[in-house]
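Q: If it helps, the file is called final-v1.txt and holds compact mmCIF, C-alpha atoms:
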# COMPACT_ATOMS: atom_id res chain seq x y z
CA MET A 44 10.97 -17.93 -9.71
CA THR A 45 7.73 -16.41 -10.97
CA LEU A 46 4.89 -15.28 -8.75
CA ARG A 47 1.45 -14.67 -10.21
CA TYR A 48 -0.57 -11.89 -8.64
CA GLY A 49 -4.06 -10.45 -8.69
CA SER A 50 -4.72 -6.81 -7.84
CA VAL A 51 -7.89 -5.31 -6.37
CA CYS A 52 -8.70 -1.61 -6.09
CA SER A 53 -5.97 -1.50 -8.71
CA GLY A 54 -5.98 2.20 -9.55
CA VAL A 55 -3.14 2.89 -11.98
CA GLU A 56 -1.20 -0.18 -10.77
CA ALA A 57 1.71 0.89 -8.62
CA ALA A 58 2.05 -2.80 -7.75
CA SER A 59 2.67 -3.73 -11.38
CA LEU A 60 5.12 -0.86 -11.89
CA ALA A 61 7.02 -2.20 -8.88
CA TRP A 62 6.72 -5.93 -9.38
CA GLU A 63 6.85 -6.65 -13.10
CA PRO A 64 10.57 -5.73 -13.27
CA LEU A 65 11.07 -8.36 -10.53
CA GLY A 66 9.45 -11.06 -12.65
CA PHE A 67 5.96 -11.07 -11.08
CA LEU A 68 3.19 -11.80 -13.58
CA PRO A 69 -0.18 -9.97 -13.38
CA GLN A 70 -3.13 -12.30 -13.85
CA TRP A 71 -6.02 -9.86 -13.37
CA PHE A 72 -6.92 -6.40 -12.09
CA SER A 73 -10.03 -5.06 -10.39
CA GLU A 74 -10.85 -1.40 -10.97
CA ILE A 75 -14.22 0.30 -11.55
CA GLU A 76 -13.38 3.99 -12.08
CA ALA A 77 -13.23 5.05 -15.72
CA PHE A 78 -9.93 6.93 -15.87
CA PRO A 79 -7.74 4.45 -13.95
CA SER A 80 -9.35 1.63 -15.94
CA GLU A 81 -8.28 3.31 -19.15
CA VAL A 82 -4.75 3.71 -17.78
CA LEU A 83 -4.72 -0.04 -17.14
CA ASN A 84 -6.01 -0.78 -20.60
CA ASN A 85 -3.42 1.52 -22.12
CA HIS A 86 -0.44 -0.05 -20.33
CA TRP A 87 -1.64 -3.64 -19.79
CA PRO A 88 -4.06 -4.40 -22.63
CA ASN A 89 -3.63 -8.16 -22.20
CA VAL A 90 -4.42 -8.27 -18.50
CA PRO A 91 -8.18 -8.56 -17.82
CA ASN A 92 -9.79 -5.93 -15.63
CA LEU A 93 -12.50 -7.86 -13.80
CA GLY A 94 -14.20 -4.73 -12.55
CA ASP A 95 -16.26 -4.75 -9.36
CA MET A 96 -14.64 -6.93 -6.68
CA THR A 97 -18.01 -7.24 -4.90
CA ASP A 98 -19.71 -8.82 -7.92
CA GLU A 99 -20.89 -12.34 -7.12
CA ARG A 100 -19.19 -13.60 -10.30
CA PHE A 101 -15.82 -12.13 -9.38
CA ILE A 102 -14.38 -15.19 -7.63
CA SER A 103 -15.23 -17.54 -10.49
CA ARG A 104 -13.70 -15.17 -13.06
CA ALA A 105 -10.51 -14.56 -11.12
CA GLY A 106 -7.75 -17.03 -11.95
CA ALA A 107 -5.37 -18.71 -9.52
CA ILE A 108 -2.73 -16.44 -7.98
CA ASP A 109 0.23 -16.60 -5.61
CA VAL A 110 -0.15 -13.03 -4.31
CA LEU A 111 -3.23 -10.89 -3.66
CA VAL A 112 -2.50 -7.17 -3.43
CA GLY A 113 -4.70 -4.16 -2.91
CA GLY A 114 -5.17 -0.85 -1.17
CA SER A 115 -8.87 -0.45 -0.49
CA PRO A 116 -10.18 3.16 -0.48
CA CYS A 117 -8.64 5.14 2.35
CA GLN A 118 -11.20 7.93 2.69
CA SER A 119 -13.26 6.06 5.29
CA PHE A 120 -10.19 5.71 7.53
CA SER A 121 -8.46 9.03 6.80
CA VAL A 122 -8.13 11.67 9.51
CA ALA A 123 -9.25 14.17 6.87
CA GLY A 124 -12.60 12.42 6.39
CA PHE A 125 -15.60 11.39 8.49
CA ARG A 126 -13.78 8.23 9.67
CA LYS A 127 -16.76 5.89 9.42
CA GLY A 128 -14.37 2.98 8.92
CA LEU A 129 -16.07 -0.29 8.06
CA ASP A 130 -19.47 1.41 8.35
CA ASP A 131 -18.56 3.25 5.14
CA GLU A 132 -19.19 1.32 1.91
CA ARG A 133 -15.63 2.11 0.79
CA GLY A 134 -14.14 0.93 4.07
CA ASN A 135 -16.10 -2.29 3.85
CA LEU A 136 -14.11 -3.17 0.73
CA ALA A 137 -11.34 -4.19 3.12
CA LEU A 138 -13.55 -7.10 4.19
CA GLU A 139 -14.14 -7.93 0.54
CA PHE A 140 -10.36 -8.20 0.25
CA CYS A 141 -10.50 -10.76 3.08
CA ARG A 142 -13.28 -12.66 1.33
CA ILE A 143 -11.25 -12.92 -1.88
CA ALA A 144 -8.20 -14.06 0.10
CA LYS A 145 -10.30 -16.79 1.73
CA LYS A 146 -11.68 -18.03 -1.59
CA LYS A 147 -8.51 -17.83 -3.71
CA GLN A 148 -6.03 -18.78 -0.94
CA PRO A 149 -2.90 -17.13 -2.42
CA ARG A 150 0.35 -17.84 -0.56
CA TRP A 151 0.83 -14.13 0.10
CA ILE A 152 -1.39 -11.12 0.68
CA VAL A 153 -0.42 -7.43 0.75
CA TRP A 154 -2.95 -4.83 1.96
CA GLU A 155 -2.23 -1.10 2.16
CA ASN A 156 -4.04 1.82 3.79
CA VAL A 157 -3.58 5.06 5.69
CA PRO A 158 -2.43 4.98 9.34
CA GLY A 159 -5.90 6.14 10.34
CA CYS A 160 -7.15 2.59 9.71
CA LEU A 161 -5.47 1.58 12.97
CA SER A 162 -7.67 3.78 15.13
CA THR A 163 -11.12 4.07 13.56
CA ASN A 164 -13.82 2.87 15.92
CA GLY A 165 -11.24 2.58 18.67
CA GLY A 166 -9.19 0.02 16.74
CA ARG A 167 -12.12 -2.33 16.22
CA ASP A 168 -12.05 -1.98 12.44
CA PHE A 169 -8.40 -2.94 12.09
CA GLY A 170 -8.95 -5.78 14.54
CA SER A 171 -11.79 -7.05 12.35
CA ILE A 172 -9.64 -6.94 9.22
CA VAL A 173 -6.60 -8.71 10.62
CA GLY A 174 -8.80 -11.10 12.58
CA ALA A 175 -10.62 -12.10 9.38
CA LEU A 176 -7.34 -12.67 7.57
CA ALA A 177 -5.98 -14.72 10.47
CA GLU A 178 -9.08 -16.90 10.37
CA CYS A 179 -8.36 -17.50 6.68
CA GLY A 180 -5.09 -19.15 7.74
CA TYR A 181 -2.65 -16.27 7.31
CA ASN A 182 0.21 -15.40 9.59
CA LEU A 183 0.35 -11.61 9.56
CA ALA A 184 2.68 -8.71 10.19
CA TRP A 185 2.01 -5.02 9.70
CA ARG A 186 4.17 -1.95 9.68
CA ILE A 187 3.89 1.75 8.92
CA LEU A 188 6.33 2.63 6.13
CA ASP A 189 7.09 6.20 5.04
CA ALA A 190 7.77 6.64 1.33
CA GLN A 191 10.33 9.38 1.95
CA ASN A 192 12.71 6.70 3.22
CA TRP A 193 12.56 4.97 -0.15
CA GLY A 194 13.81 7.90 -2.18
CA VAL A 195 10.64 9.81 -3.09
CA PRO A 196 10.34 13.50 -2.11
CA GLN A 197 7.24 13.33 0.04
CA ARG A 198 6.26 12.23 3.51
CA ARG A 199 3.71 9.49 2.87
CA ARG A 200 3.11 7.12 5.76
CA ARG A 201 1.06 4.04 5.01
CA VAL A 202 0.18 0.84 6.83
CA PHE A 203 1.22 -2.33 5.01
CA VAL A 204 -0.20 -5.66 6.12
CA VAL A 205 1.61 -8.72 4.75
CA GLY A 206 0.24 -12.22 5.22
CA HIS A 207 1.71 -15.63 4.52
CA LEU A 208 -0.51 -18.70 4.24
CA GLY A 209 0.60 -21.68 6.28
CA ALA A 210 2.10 -22.88 9.51
CA ASP A 211 5.42 -21.03 9.35
CA GLU A 212 4.90 -17.97 11.52
CA ARG A 213 8.09 -16.23 10.38
CA GLY A 214 7.13 -15.61 6.75
CA ALA A 215 5.23 -12.33 6.95
CA THR A 216 7.46 -10.95 9.68
CA ALA A 217 10.58 -11.69 7.64
CA VAL A 218 9.17 -9.68 4.73
CA LEU A 219 8.48 -6.48 6.66
CA PHE A 220 11.26 -6.53 9.24
CA GLU A 221 14.99 -6.64 8.67
CA ARG A 222 17.10 -8.92 10.86
CA ASP A 223 18.53 -6.04 12.93
CA CYS A 224 15.02 -4.76 13.55
CA LEU A 225 13.86 -8.18 14.76
CA GLN A 226 16.85 -8.45 17.07
CA GLY A 227 16.03 -5.10 18.66
CA SER A 228 19.19 -3.37 17.48
CA ALA A 229 19.48 0.01 19.18
CA LYS A 230 21.33 1.38 16.18
CA THR A 231 18.19 1.32 14.06
CA SER A 232 16.08 3.24 16.54
CA GLY A 233 15.13 6.89 16.36
CA LYS A 234 15.29 9.15 19.37
CA GLU A 235 14.67 7.57 22.74
CA ARG A 236 11.07 7.37 23.84
CA GLN A 237 10.04 7.50 27.48
CA LYS A 238 6.88 5.56 26.89
CA THR A 239 7.09 1.78 27.11
CA ALA A 240 5.41 -0.04 24.27
CA PRO A 241 2.42 -2.03 25.52
CA THR A 242 2.23 -5.76 24.95
CA VAL A 243 -0.68 -8.06 24.27
CA THR A 244 -0.67 -11.75 25.12
CA GLY A 245 -3.22 -13.01 22.65
CA GLY A 246 -5.68 -12.24 19.91
CA ALA A 247 -6.17 -9.46 17.42
CA PRO A 248 -6.15 -5.88 18.65
CA TYR A 249 -9.38 -4.90 20.38
CA SER A 250 -11.61 -7.55 18.82
CA ARG A 251 -10.08 -10.39 20.82
CA THR A 252 -8.33 -8.71 23.73
CA GLY A 253 -10.63 -5.88 24.73
CA ASN A 254 -7.97 -3.22 24.21
CA GLU A 255 -9.68 0.12 23.89
CA ARG A 256 -7.30 1.32 21.21
CA VAL A 257 -4.38 0.11 19.16
CA GLU A 258 -1.19 1.87 20.23
CA SER A 259 0.85 3.18 17.31
CA ASP A 260 4.00 1.60 18.68
CA ALA A 261 2.52 -1.63 19.99
CA ILE A 262 4.19 -4.97 19.29
CA ILE A 263 1.62 -7.75 19.27
CA PRO A 264 2.99 -11.34 19.31
CA VAL A 265 0.11 -13.83 19.10
CA HIS A 266 -0.72 -17.16 17.51
CA ARG A 267 -0.88 -16.70 13.73
CA LEU A 268 -0.74 -12.93 14.21
CA SER A 269 2.29 -10.76 14.83
CA GLY A 270 3.24 -7.25 13.96
CA THR A 271 4.22 -3.80 15.01
CA LEU A 272 2.33 -0.64 14.26
CA TYR A 273 5.25 1.73 13.98
CA ALA A 274 8.38 1.75 11.83
CA ARG A 275 11.41 3.99 11.84
CA ASP A 276 13.80 4.79 9.02
CA HIS A 277 14.56 1.98 6.60
CA LYS A 278 18.33 1.39 6.41
CA GLY A 279 20.42 1.38 3.31
CA VAL A 280 18.07 3.20 0.94
CA PRO A 281 19.11 6.61 -0.37
CA THR A 282 16.68 9.37 0.50
CA ASP A 283 18.08 12.04 -1.80
CA SER A 284 15.38 12.21 -4.42
CA MET A 285 16.00 15.55 -6.07
CA ARG A 286 14.82 15.36 -9.64
CA GLU A 287 14.39 17.91 -12.38
CA ASP A 288 11.31 18.26 -14.48
CA THR A 289 12.49 18.34 -18.07
CA ALA A 290 9.58 20.49 -19.12
CA SER A 291 9.91 23.27 -16.55
CA ALA A 292 13.58 22.87 -15.52
CA VAL A 293 12.49 23.44 -11.91
CA PRO A 294 14.09 21.28 -9.18
CA VAL A 295 11.49 19.21 -7.36
CA PHE A 296 12.47 18.14 -3.84
CA GLY A 297 11.27 18.14 -0.28
CA CYS A 298 7.59 18.22 -1.17
CA ILE A 299 5.73 17.06 1.92
CA ASN A 300 2.26 15.52 2.04
CA THR A 301 1.00 15.62 5.62
CA ARG A 302 -2.55 14.69 4.76
CA GLU A 303 -3.86 11.16 4.50
CA ASP A 304 -6.28 11.82 1.69
CA PRO A 305 -5.33 11.80 -2.01
CA ILE A 306 -3.80 14.64 -3.98
CA THR A 307 -6.57 16.51 -5.80
CA LYS A 308 -6.74 19.70 -7.79
CA ALA A 309 -8.09 21.52 -4.76
CA HIS A 310 -5.18 20.77 -2.45
CA SER A 311 -2.30 19.43 -4.55
CA HIS A 312 1.22 20.38 -3.55
CA ALA A 313 2.81 23.63 -4.64
CA ILE A 314 6.44 24.67 -5.06
CA ALA A 315 8.20 28.02 -5.30
CA THR A 316 9.74 29.19 -8.58
CA GLY A 317 11.63 32.36 -7.84
CA THR A 318 9.09 34.67 -6.19
CA GLN A 319 6.02 32.76 -7.40
CA VAL A 320 4.28 29.63 -6.18
CA ARG A 321 2.79 27.18 -8.63
CA ARG A 322 0.94 23.89 -8.36
CA LEU A 323 2.94 20.76 -9.10
CA THR A 324 2.37 19.29 -12.54
CA PRO A 325 0.91 15.77 -12.90
CA ARG A 326 4.35 14.60 -14.01
CA GLU A 327 5.87 15.92 -10.80
CA CYS A 328 3.13 14.20 -8.79
CA GLU A 329 3.98 10.95 -10.60
CA ARG A 330 7.57 11.43 -9.45
CA LEU A 331 6.35 11.93 -5.89
CA GLN A 332 5.01 8.38 -6.14
CA GLY A 333 8.07 6.99 -7.93
CA MET A 334 6.14 6.39 -11.17
CA PRO A 335 7.58 6.73 -14.67
CA ASP A 336 7.05 10.13 -16.23
CA ASP A 337 3.65 10.47 -17.92
CA HIS A 338 2.38 7.10 -16.70
CA THR A 339 -1.10 8.62 -16.42
CA ARG A 340 -0.87 10.71 -19.59
CA ILE A 341 -3.10 8.65 -21.87
CA PRO A 342 -5.58 9.14 -24.71
CA TRP A 343 -8.82 10.09 -22.97
CA ARG A 344 -12.34 10.75 -24.20
CA ASN A 345 -11.43 10.84 -27.86
CA LYS A 346 -8.49 13.18 -27.27
CA PRO A 347 -4.80 12.30 -27.75
CA ALA A 348 -2.46 11.74 -24.81
CA GLU A 349 -0.96 15.22 -25.12
CA ASP A 350 -4.43 16.65 -24.37
CA CYS A 351 -5.10 14.43 -21.36
CA PRO A 352 -6.67 16.63 -18.64
CA ASP A 353 -4.87 17.15 -15.35
CA THR A 354 -7.76 16.62 -12.93
CA PRO A 355 -8.25 12.85 -13.34
CA ARG A 356 -4.47 12.42 -13.37
CA TYR A 357 -4.10 14.18 -10.00
CA LYS A 358 -6.81 12.01 -8.46
CA ALA A 359 -5.47 8.73 -9.86
CA ILE A 360 -1.90 9.49 -8.79
CA GLY A 361 -2.96 10.53 -5.29
CA ASN A 362 -4.99 7.36 -4.82
CA SER A 363 -2.05 5.16 -5.77
CA MET A 364 0.84 3.69 -3.77
CA ALA A 365 4.50 4.67 -3.68
CA VAL A 366 6.20 2.44 -6.24
CA PRO A 367 9.61 2.14 -4.49
CA VAL A 368 7.98 0.92 -1.27
CA MET A 369 6.00 -1.68 -3.19
CA ARG A 370 9.16 -2.76 -5.01
CA TRP A 371 10.94 -3.30 -1.69
CA ILE A 372 8.04 -5.41 -0.41
CA GLY A 373 8.06 -7.43 -3.63
CA GLU A 374 11.79 -8.05 -3.34
CA ARG A 375 11.36 -9.23 0.24
CA ILE A 376 8.49 -11.56 -0.71
CA LEU A 377 10.66 -13.16 -3.41
CA ILE A 378 13.52 -13.74 -0.97
CA VAL A 379 11.37 -15.13 1.83
CA ASP A 380 9.23 -17.25 -0.50
CA GLN A 381 12.37 -18.92 -1.87
CA ILE A 382 13.75 -19.58 1.62
CA LEU A 383 10.48 -21.12 2.76
CA LYS A 384 10.35 -23.35 -0.32
CA GLU A 385 13.88 -24.61 0.30
CA LYS A 386 13.18 -25.54 3.92
CA PRO A 387 13.13 -29.34 4.47
Please lay out the structure from this file as structure tokens.

A:
Amino acid sequence: MTLRYGSVCSGVEAASLAWEPLGFLPQWFSEIEAFPSEVLNNHWPNVPNLGDMTDERFISRAGAIDVLVGGSPCQSFSVAGFRKGLDDERGNLALEFCRIAKKKQPRWIVWENVPGCLSTNGGRDFGSIVGALAECGYNLAWRILDAQNWGVPQRRRRVFVVGHLGADERGATAVLFERDCLQGSAKTSGKERQKTAPTVTGGAPYSRTGNERVESDAIIPVHRLSGTLYARDHKGVPTDSMREDTASAVPVFGCINTREDPITKAHSHAIATGTQVRRLTPRECERLQGMPDDHTRIPWRNKPAEDCPDTPRYKAIGNSMAVPVMRWIGERILIVDQILKEKP
């Protein structure tokens, strides 16, 4: 089975790195920054980059798709930023994602962002986003997934919203939650928590219920809208991700990213080599995201790939998604999509 997908805020296409080996077919990208756009052109020269997703011609130029995927800019939601949320032009791109979903009506949607998106403006922003998607006809589930549980050596927690178009309310939930998790298996839980998770009887968080904030561990079962805002360790995936950089012969493991904003030259990770500390190389940062070595090492500004500067590579890598997490989501979409198609 082949699923066609369109990608917005594409960056250097973690979704394609994850999904093409599964048989997904990219139909179009949407990226406006120069360096990531050149990475796309270098690796996917036959896939059109439609550019600005807010352009009034975008919808007419974008072909039919089965899956819409995108991680709109996180800076407006990040705890390291001003947290203007949807009042920020970058944050408002999340609503553009909803607009495209409404117009193109793909069977599946996947939206990614930092956990801070759950609490900006007291949860109103996230309520607006999921409420808009629900009004487009999508059943939704969301979950915080940490990339370190998928075999990459960094702590990178991100919110993933999955939506399935149609009347079957189990589709999105079945993608993000394993059977044991849905059955409330105690074996999959972390340490006991004294706090009882709050429940909501209807509507999207805040915007329809009046909740003053979205609890990080809330479970929200509602019509056409269900999800949980906290996830524990994913079972069955090895977490030992020690790798060795072939250029420096330095083991790279246990590198932790506790910030929600991208890796940049100013605050990229560092590791110890003997008695010295050095900044991680772009190749090592690619490995932190589960990317192939030198994915972002491209010919740039009339210079060969071997002279590609580090700074735009750091930024592009930090803005991207963790490939193994996206692969897992893609695998789950394939399984659930097939089951739903086979239902009488």

Q: Rounded to one decimal place, report the atom CA of Leu161 of chain A-atom CA of Ile102 of chain A distance in Å.

A: 28.0 Å

Q: Report, in Å to a single decimal, how far apart atom CA of Asp337 of chain A and atom CA of Asn362 of chain A are.

A: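 The value is 16.0 Å.
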
Q: Using all atoms listed in the file, which protein or nucleic acid residues come within 9 Å of segment 76-93 of chain A? Drop anything in the same chain fewer than 4 positions from it, and give the result as an MDAnalysis selection string.

A: chainID A and resid 53:56 69:72 101 104:105 338:343 355:356 359

Q: What's the separation between atom CA of Lys384 of chain A and atom CA of Val218 of chain A, in Å to one decimal place?

A: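 Calculated distance between atom CA of Lys384 of chain A and atom CA of Val218 of chain A is 14.6 Å.
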
Q: Tell me, as a PyMOL selection string, which residues lie within 12 Å of Leu377 of chain A, counting only C-alpha atoms; anything in the same chain fewer than 6 positions away does not count.

A: chain A and resi 44-47+62+65-67+109-110+150-151+214-215+217-218+370-371+383-384

Q: Taking into account only C-alpha atoms, which residue in the set A:Val202, A:Met364, A:Val320, A:Leu183 is nearest to Gly333 of chain A?

A: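 Smallest separation from Gly333 of chain A among the options: A:Met364.
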
Q: Set the distance at 8 Å and use only C-alpha atoms: which residues neighbour Arg200 of chain A once local chain neighbours fewer than 3 positions away are removed? I'd like the list as a ChimeraX atom specification.

A: /A:157-158,187-190

Q: Pick the closest to Gly194 of chain A from A:Ala57, A:Leu331, A:Cys52, A:Ile108: which is it, counting all atoms listed in the file?

A: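 So, comparing all the options, the nearest one is A:Leu331.
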